[in-house]
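Asks: Input structure: upload18.txt, which contains compact mmCIF, C-alpha atoms.
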# COMPACT_ATOMS: atom_id res chain seq x y z
CA MET A 21 38.97 -13.15 12.42
CA ALA A 22 37.06 -10.02 11.42
CA LEU A 23 36.55 -7.45 14.14
CA PRO A 24 32.91 -6.92 15.13
CA LEU A 25 31.26 -3.53 15.05
CA ILE A 26 31.04 -2.64 18.73
CA VAL A 27 27.83 -0.96 19.85
CA PHE A 28 27.59 0.51 23.35
CA ASP A 29 24.68 1.11 25.60
CA VAL A 30 25.14 4.50 27.30
CA ASN A 31 23.27 4.88 30.61
CA GLU A 32 25.20 3.13 33.42
CA THR A 33 27.31 1.15 30.93
CA LEU A 34 29.43 4.20 30.07
CA LEU A 35 28.06 6.82 32.46
CA ASP A 36 27.89 6.69 36.25
CA LEU A 37 24.21 6.30 37.10
CA GLU A 38 24.92 6.39 40.84
CA THR A 39 25.50 10.16 40.61
CA MET A 40 21.70 10.37 40.23
CA GLU A 41 21.26 9.26 43.85
CA LEU A 42 21.59 12.83 45.12
CA VAL A 43 18.38 13.85 43.33
CA PHE A 44 16.45 11.03 44.99
CA ALA A 45 18.04 11.65 48.37
CA ARG A 46 16.73 15.22 48.26
CA ILE A 47 13.23 14.49 46.91
CA PHE A 48 12.54 11.12 48.58
CA ASN A 49 14.94 11.29 51.52
CA ASP A 50 16.09 7.90 50.27
CA ARG A 51 19.15 7.40 48.05
CA SER A 52 18.04 3.83 47.26
CA ALA A 53 14.90 5.18 45.58
CA MET A 54 17.08 5.85 42.53
CA ARG A 55 17.46 2.11 41.87
CA LEU A 56 13.74 1.53 42.23
CA TRP A 57 13.10 4.42 39.84
CA PHE A 58 15.56 3.12 37.26
CA ALA A 59 14.25 -0.45 37.42
CA ASN A 60 10.71 0.81 36.87
CA PHE A 61 11.95 3.19 34.18
CA ILE A 62 13.28 0.24 32.17
CA MET A 63 10.28 -1.96 32.93
CA TYR A 64 7.80 0.61 31.68
CA SER A 65 9.82 1.53 28.59
CA ALA A 66 9.81 -2.17 27.66
CA SER A 67 6.13 -2.53 28.62
CA LEU A 68 5.08 0.41 26.46
CA THR A 69 7.10 -0.99 23.56
CA VAL A 70 5.51 -4.44 23.88
CA ALA A 71 2.11 -2.76 24.03
CA GLY A 72 2.86 -0.93 20.80
CA CYS A 73 2.93 2.52 22.43
CA TYR A 74 6.09 4.55 21.82
CA VAL A 75 6.88 7.30 24.34
CA PRO A 76 10.22 9.20 24.35
CA PHE A 77 12.56 7.84 27.01
CA THR A 78 12.95 11.05 29.00
CA ASP A 79 9.16 11.42 29.25
CA ILE A 80 8.92 7.91 30.68
CA GLY A 81 11.58 8.71 33.27
CA ALA A 82 9.73 11.80 34.49
CA ALA A 83 6.40 9.92 34.60
CA VAL A 84 7.94 7.06 36.59
CA MET A 85 9.43 9.50 39.10
CA LYS A 86 5.99 11.07 39.60
CA MET A 87 4.39 7.64 39.93
CA LEU A 88 6.95 6.63 42.55
CA ALA A 89 6.39 9.90 44.41
CA ASP A 90 2.62 9.41 44.31
CA THR A 91 2.94 5.97 45.90
CA ARG A 92 4.83 7.58 48.80
CA GLY A 93 2.62 10.63 49.19
CA ILE A 94 5.40 12.95 48.02
CA ARG A 95 4.65 15.95 45.84
CA ILE A 96 7.08 16.77 43.06
CA ASP A 97 7.00 19.85 40.86
CA ASP A 98 8.40 20.96 37.53
CA ALA A 99 11.67 22.02 39.15
CA ASP A 100 12.16 18.48 40.45
CA LYS A 101 11.52 17.04 37.00
CA GLN A 102 13.93 19.55 35.48
CA GLU A 103 16.61 18.60 38.01
CA LEU A 104 16.12 14.93 37.11
CA THR A 105 16.50 15.70 33.41
CA GLU A 106 19.57 17.88 34.01
CA LYS A 107 21.35 15.29 36.16
CA PHE A 108 20.51 12.51 33.72
CA SER A 109 21.99 14.56 30.86
CA THR A 110 25.25 15.28 32.67
CA MET A 111 26.25 12.00 34.33
CA PRO A 112 30.04 11.59 34.19
CA PRO A 113 31.67 8.55 32.58
CA HIS A 114 33.00 5.76 34.78
CA GLY A 115 36.68 6.30 35.48
CA GLU A 116 38.04 3.59 33.17
CA VAL A 117 35.74 4.36 30.24
CA PRO A 118 37.68 7.01 28.26
CA GLY A 119 40.92 5.03 28.31
CA ALA A 120 39.21 1.72 27.49
CA LEU A 121 37.39 3.28 24.53
CA ARG A 122 40.66 4.65 23.18
CA ARG A 123 42.27 1.25 23.67
CA LEU A 124 39.54 -0.42 21.58
CA ARG A 125 39.85 2.20 18.85
CA ALA A 126 43.63 1.80 18.78
CA ALA A 127 43.11 -1.96 18.36
CA GLY A 128 41.07 -1.31 15.21
CA PHE A 129 37.51 -1.66 16.51
CA ARG A 130 34.82 0.67 15.19
CA LEU A 131 32.69 2.07 18.01
CA PHE A 132 29.01 3.11 17.98
CA THR A 133 26.26 3.72 20.51
CA LEU A 134 22.65 2.58 20.73
CA THR A 135 20.57 4.02 23.54
CA ASP A 136 16.92 4.55 24.35
CA ASN A 137 17.71 8.22 24.99
CA LEU A 138 16.75 10.77 22.38
CA LEU A 139 19.72 11.53 20.13
CA GLU A 140 20.06 15.07 21.51
CA VAL A 141 20.13 13.74 25.09
CA GLN A 142 22.84 11.17 24.45
CA THR A 143 24.84 13.70 22.45
CA ARG A 144 24.75 16.05 25.42
CA GLN A 145 25.67 13.21 27.79
CA LEU A 146 28.67 12.06 25.75
CA THR A 147 29.82 15.61 25.00
CA HIS A 148 29.64 16.52 28.69
CA GLY A 149 31.61 13.35 29.46
CA GLY A 150 34.32 14.24 26.92
CA ILE A 151 33.90 11.00 24.95
CA VAL A 152 31.54 11.93 22.11
CA ASP A 153 34.32 11.97 19.49
CA LEU A 154 35.32 8.39 20.25
CA PHE A 155 32.23 7.04 18.49
CA GLU A 156 31.89 6.81 14.73
CA ARG A 157 28.13 7.23 14.89
CA ARG A 158 25.43 7.41 17.56
CA PHE A 159 22.00 5.77 17.34
CA SER A 160 18.79 6.26 19.31
CA ALA A 161 15.88 3.86 19.60
CA ASP A 162 13.80 6.94 18.79
CA GLY A 163 14.90 6.45 15.19
CA VAL A 164 12.74 3.35 14.93
CA LYS A 165 10.25 4.17 17.74
CA HIS A 166 10.96 0.90 19.58
CA HIS A 167 12.92 0.79 22.82
CA LYS A 168 15.46 -1.92 23.52
CA PRO A 169 15.38 -4.90 23.91
CA SER A 170 12.96 -5.07 20.97
CA ARG A 171 14.31 -6.72 17.83
CA GLN A 172 13.47 -3.54 15.91
CA ALA A 173 15.97 -1.47 17.91
CA TYR A 174 18.92 -3.69 17.00
CA GLY A 175 17.64 -4.13 13.45
CA TYR A 176 17.63 -0.36 13.03
CA VAL A 177 21.40 -0.24 13.60
CA GLU A 178 21.95 -3.18 11.25
CA LYS A 179 20.01 -1.42 8.50
CA GLU A 180 21.72 1.92 9.02
CA LEU A 181 25.20 0.38 8.90
CA GLY A 182 24.39 -2.19 6.21
CA ALA A 183 25.72 -5.08 8.28
CA LYS A 184 24.48 -8.51 9.35
CA PRO A 185 23.60 -9.35 12.97
CA SER A 186 26.64 -11.62 13.23
CA GLU A 187 28.90 -8.62 12.60
CA PHE A 188 27.91 -6.84 15.82
CA CYS A 189 28.87 -7.00 19.47
CA LEU A 190 26.88 -5.11 22.09
CA ILE A 191 28.59 -3.92 25.26
CA ALA A 192 26.10 -3.14 28.03
CA CYS A 193 25.79 -3.60 31.77
CA HIS A 194 22.09 -4.51 31.66
CA THR A 195 21.14 -8.12 31.09
CA TRP A 196 17.83 -7.15 29.46
CA ASP A 197 19.87 -5.38 26.76
CA THR A 198 22.33 -8.21 26.15
CA LEU A 199 19.47 -10.72 26.06
CA GLY A 200 17.86 -8.72 23.26
CA ALA A 201 21.11 -8.42 21.34
CA VAL A 202 22.02 -12.12 21.52
CA ALA A 203 18.45 -13.07 20.58
CA ALA A 204 18.84 -10.79 17.55
CA GLY A 205 21.97 -12.66 16.46
CA TRP A 206 24.59 -10.30 17.89
CA GLU A 207 27.42 -11.14 20.23
CA ALA A 208 27.24 -9.47 23.62
CA ALA A 209 29.66 -8.51 26.37
CA PRO A 210 28.02 -7.46 29.63
CA ILE A 211 29.87 -5.39 32.22
CA LYS A 212 29.07 -6.34 35.81
CA ARG A 213 28.61 -2.85 37.18
CA PRO A 214 27.47 -2.76 40.85
CA GLY A 215 24.00 -4.29 41.08
CA ASN A 216 24.22 -5.89 37.63
CA ASP A 217 25.10 -9.46 36.69
CA VAL A 218 24.37 -12.14 34.11
CA LEU A 219 21.00 -13.92 34.17
CA GLY A 220 21.36 -17.70 34.17
CA VAL A 221 18.51 -18.32 31.70
CA GLY A 222 17.90 -17.19 28.15
CA PRO A 223 20.46 -16.23 25.48
CA GLN A 224 23.92 -16.04 27.02
CA PRO A 225 26.72 -13.55 26.24
CA GLN A 226 30.10 -14.50 24.81
CA VAL A 227 32.24 -12.25 27.04
CA VAL A 228 31.66 -11.06 30.62
CA GLY A 229 33.79 -8.49 32.44
CA ASN A 230 33.95 -6.50 35.65
CA ASP A 231 34.55 -3.16 33.93
CA LEU A 232 35.18 -1.83 30.44
CA ASP A 233 38.95 -2.34 30.71
CA ASP A 234 38.30 -6.02 31.43
CA VAL A 235 35.87 -6.39 28.51
CA ALA A 236 38.17 -4.47 26.14
CA GLY A 237 41.10 -6.73 26.97
CA GLN A 238 39.04 -9.87 26.42
CA LEU A 239 37.73 -8.64 23.06
CA ILE A 240 41.21 -7.66 21.90
CA ARG A 241 42.50 -11.13 22.78
CA ARG A 242 39.41 -12.90 21.39
CA TYR A 243 39.80 -11.29 17.99
CA GLY A 244 43.56 -11.08 17.87
CA ALA A 245 43.33 -7.32 17.46
CA LYS A 246 46.44 -5.19 17.26
CA GLY A 247 46.00 -3.70 20.77
Before anything else, please render the file you have as structure tokens.
Replies:
Amino acid sequence: MALPLIVFDVNETLLDLETMELVFARIFNDRSAMRLWFANFIMYSASLTVAGCYVPFTDIGAAVMKMLADTRGIRIDDADKQELTEKFSTMPPHGEVPGALRRLRAAGFRLFTLTDNLLEVQTRQLTHGGIVDLFERRFSADGVKHHKPSRQAYGYVEKELGAKPSEFCLIACHTWDTLGAVAAGWEAAPIKRPGNDVLGVGPQPQVVGNDLDDVAGQLIRRYGAKG
């Protein structure tokens, strides 16, 4: 059984989004505001894409933070926005991620990324996390000006790598991302990071795991890889 090309989402899937809570605790006096911000961040990136309006991902994140602050009567300034950008660019990887990535590579899988982040942002993130060299190539939705889960985002990777949808497997912790991938003809393997789970309607994934070690082990067994 041929090994799929494994494509990873980056934010929260590989990197620890919860480290962003400190920014929101300081600005909003509410650590939980981070989750509201991120949920709206994704909703508006998808909404803009559906509306045919491409805006770089980082710009959406800053605009959503300001919108959230405005609804609470909180004033934010350029320094706050800069802190948000800095923290987002330097989130550490989840503890099991480096070892699990190496395990997949040792088993013969080819690893890539696809994120809504600008290429320079994800490169900084993965370099800071010490895992940038574990990926054969990195892709950004900016390359096609359509954020995930649009069909165009996944099709961009297919075109760049010259492979069919059935040759790919997306690993992500966000159901909106795996829904888009499976609808595009890819396999998908969601990770159930805290606050994330599988949606019981729509296209369903082939593999589900509690962390990347779990997903890696299932994929290695599923494909009879050498790991």
Asks: Excluding Pro169 in chain A and its own-chain neighbours fewer than 4 positions away, which residues fall within 10 Å of it when counting only C-alpha atoms? Please give them as a ChimeraX atom specification.
Replies: /A:62,65-66,69-70,136,161,173-174,195-201,203-204
Asks: For Thr147 in chain A, which of A:Ala192, A:Ala99, A:Ser109, A:Asp234 is the closest residue, counting all atoms listed in the file?
Replies: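 Going through A:Ala192, A:Ala99, A:Ser109, A:Asp234 one by one, the smallest distance to Thr147 in chain A is for A:Ser109.
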Asks: Every residue with an atom at most 12 Å from (20.9, 17.1, 33.9) (file coordinates; all atoms listed in the file) is what I'm after, so could you write them as a PyMOL selection string?
Replies: chain A and resi 37+39-40+43+78+99-112+141-142+144-145+148
Asks: At a cut-off of 12 Å, using only C-alpha atoms, what residues contact Gly128 in chain A? Leave out same-chain residues fewer than 2 positions from it and give the result as a PDB file with C-alpha atoms, keeping the file's coordinate frame.
Replies:
ATOM      1  CA  ALA A  22      37.060 -10.020  11.420  1.00  0.00           C
ATOM      2  CA  LEU A  23      36.550  -7.450  14.140  1.00  0.00           C
ATOM      3  CA  PRO A  24      32.910  -6.920  15.130  1.00  0.00           C
ATOM      4  CA  LEU A  25      31.260  -3.530  15.050  1.00  0.00           C
ATOM      5  CA  ILE A  26      31.040  -2.640  18.730  1.00  0.00           C
ATOM      6  CA  LEU A 121      37.390   3.280  24.530  1.00  0.00           C
ATOM      7  CA  ARG A 122      40.660   4.650  23.180  1.00  0.00           C
ATOM      8  CA  ARG A 123      42.270   1.250  23.670  1.00  0.00           C
ATOM      9  CA  LEU A 124      39.540  -0.420  21.580  1.00  0.00           C
ATOM     10  CA  ARG A 125      39.850   2.200  18.850  1.00  0.00           C
ATOM     11  CA  ALA A 126      43.630   1.800  18.780  1.00  0.00           C
ATOM     12  CA  ARG A 130      34.820   0.670  15.190  1.00  0.00           C
ATOM     13  CA  LEU A 131      32.690   2.070  18.010  1.00  0.00           C
ATOM     14  CA  ALA A 236      38.170  -4.470  26.140  1.00  0.00           C
ATOM     15  CA  LEU A 239      37.730  -8.640  23.060  1.00  0.00           C
ATOM     16  CA  ILE A 240      41.210  -7.660  21.900  1.00  0.00           C
ATOM     17  CA  TYR A 243      39.800 -11.290  17.990  1.00  0.00           C
ATOM     18  CA  GLY A 244      43.560 -11.080  17.870  1.00  0.00           C
ATOM     19  CA  ALA A 245      43.330  -7.320  17.460  1.00  0.00           C
ATOM     20  CA  LYS A 246      46.440  -5.190  17.260  1.00  0.00           C
ATOM     21  CA  GLY A 247      46.000  -3.700  20.770  1.00  0.00           C
TER      22      GLY A 247
END
Asks: Taking every listed atom of range 112-116 of chain A and adding 3 Å to each side, what centre and edge lengths in Å (one decimal) does the axis-aligned box have, as JSON?
Replies:
{"center_x": 34.0, "center_y": 7.6, "center_z": 34.0, "size_x": 14.0, "size_y": 14.0, "size_z": 8.9}
Asks: What's the separation between CA of Cys73 in chain A and CA of Lys168 in chain A, in Å to one decimal place?
Replies: 13.3 Å
Asks: Tell me which of A:Phe48, A:Phe132, A:Tyr74, A:Tyr64 sits closest to Arg95 in chain A, counting only C-alpha atoms.
Replies: A:Phe48
Asks: Taking into account all atoms listed in the file, which residue in the set A:Gly150, A:Leu138, A:Arg171, A:Gly93 is nearest to Gly119 in chain A?
Replies: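 That would be A:Gly150, the residue with the smallest distance to Gly119 in chain A.
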Asks: Under the rule that only C-alpha atoms are counted, which of A:Leu134, A:Ile191, A:Ile94, A:Ala89 is the nearest residue to Val164 in chain A?
Replies: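 Answer, going by the shortest atom-to-atom distance: A:Leu134.
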Asks: How many Å lie between CA of Ala82 in chain A and CA of Met54 in chain A, rounded to one decimal?
Replies: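 Here the two named atoms are 12.4 Å from each other.
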Asks: Please indicate the distance in Å from CA of Asn216 in chain A to CA of Val117 in chain A, rounded to one decimal place.
Replies: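 Going from CA of Asn216 in chain A over to CA of Val117 in chain A, I get 17.1 Å.
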Asks: Residues within 12 Å of range 228-230 of chain A, please, as a PyMOL selection string. Count all atoms listed in the file; anything in the same chain fewer than 3 positions from it doesn't count.
Replies: chain A and resi 33+116+190-195+198+207-219+224-225+233-239
Asks: Closest to Leu181 in chain A among A:Glu156, A:Asp162, A:Ala127, A:Gly205, using all atoms listed in the file?
Replies: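 Comparing A:Glu156, A:Asp162, A:Ala127, A:Gly205 against Leu181 in chain A, the winner is A:Glu156.
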Asks: Which is closest to Asp97 in chain A among A:Val202, A:Leu146, A:Met85, A:Phe28, if we use only C-alpha atoms?
Replies: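 Closest to Asp97 in chain A of all the choices is A:Met85.
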Asks: For Leu88 in chain A, work out the shell of residues within 9 Å, counting all atoms listed in the file and skipping chain neighbours fewer than 4 positions away, then give it as number ranges by chain.
Replies: A: 53, 56-57, 60, 83-84, 92-94
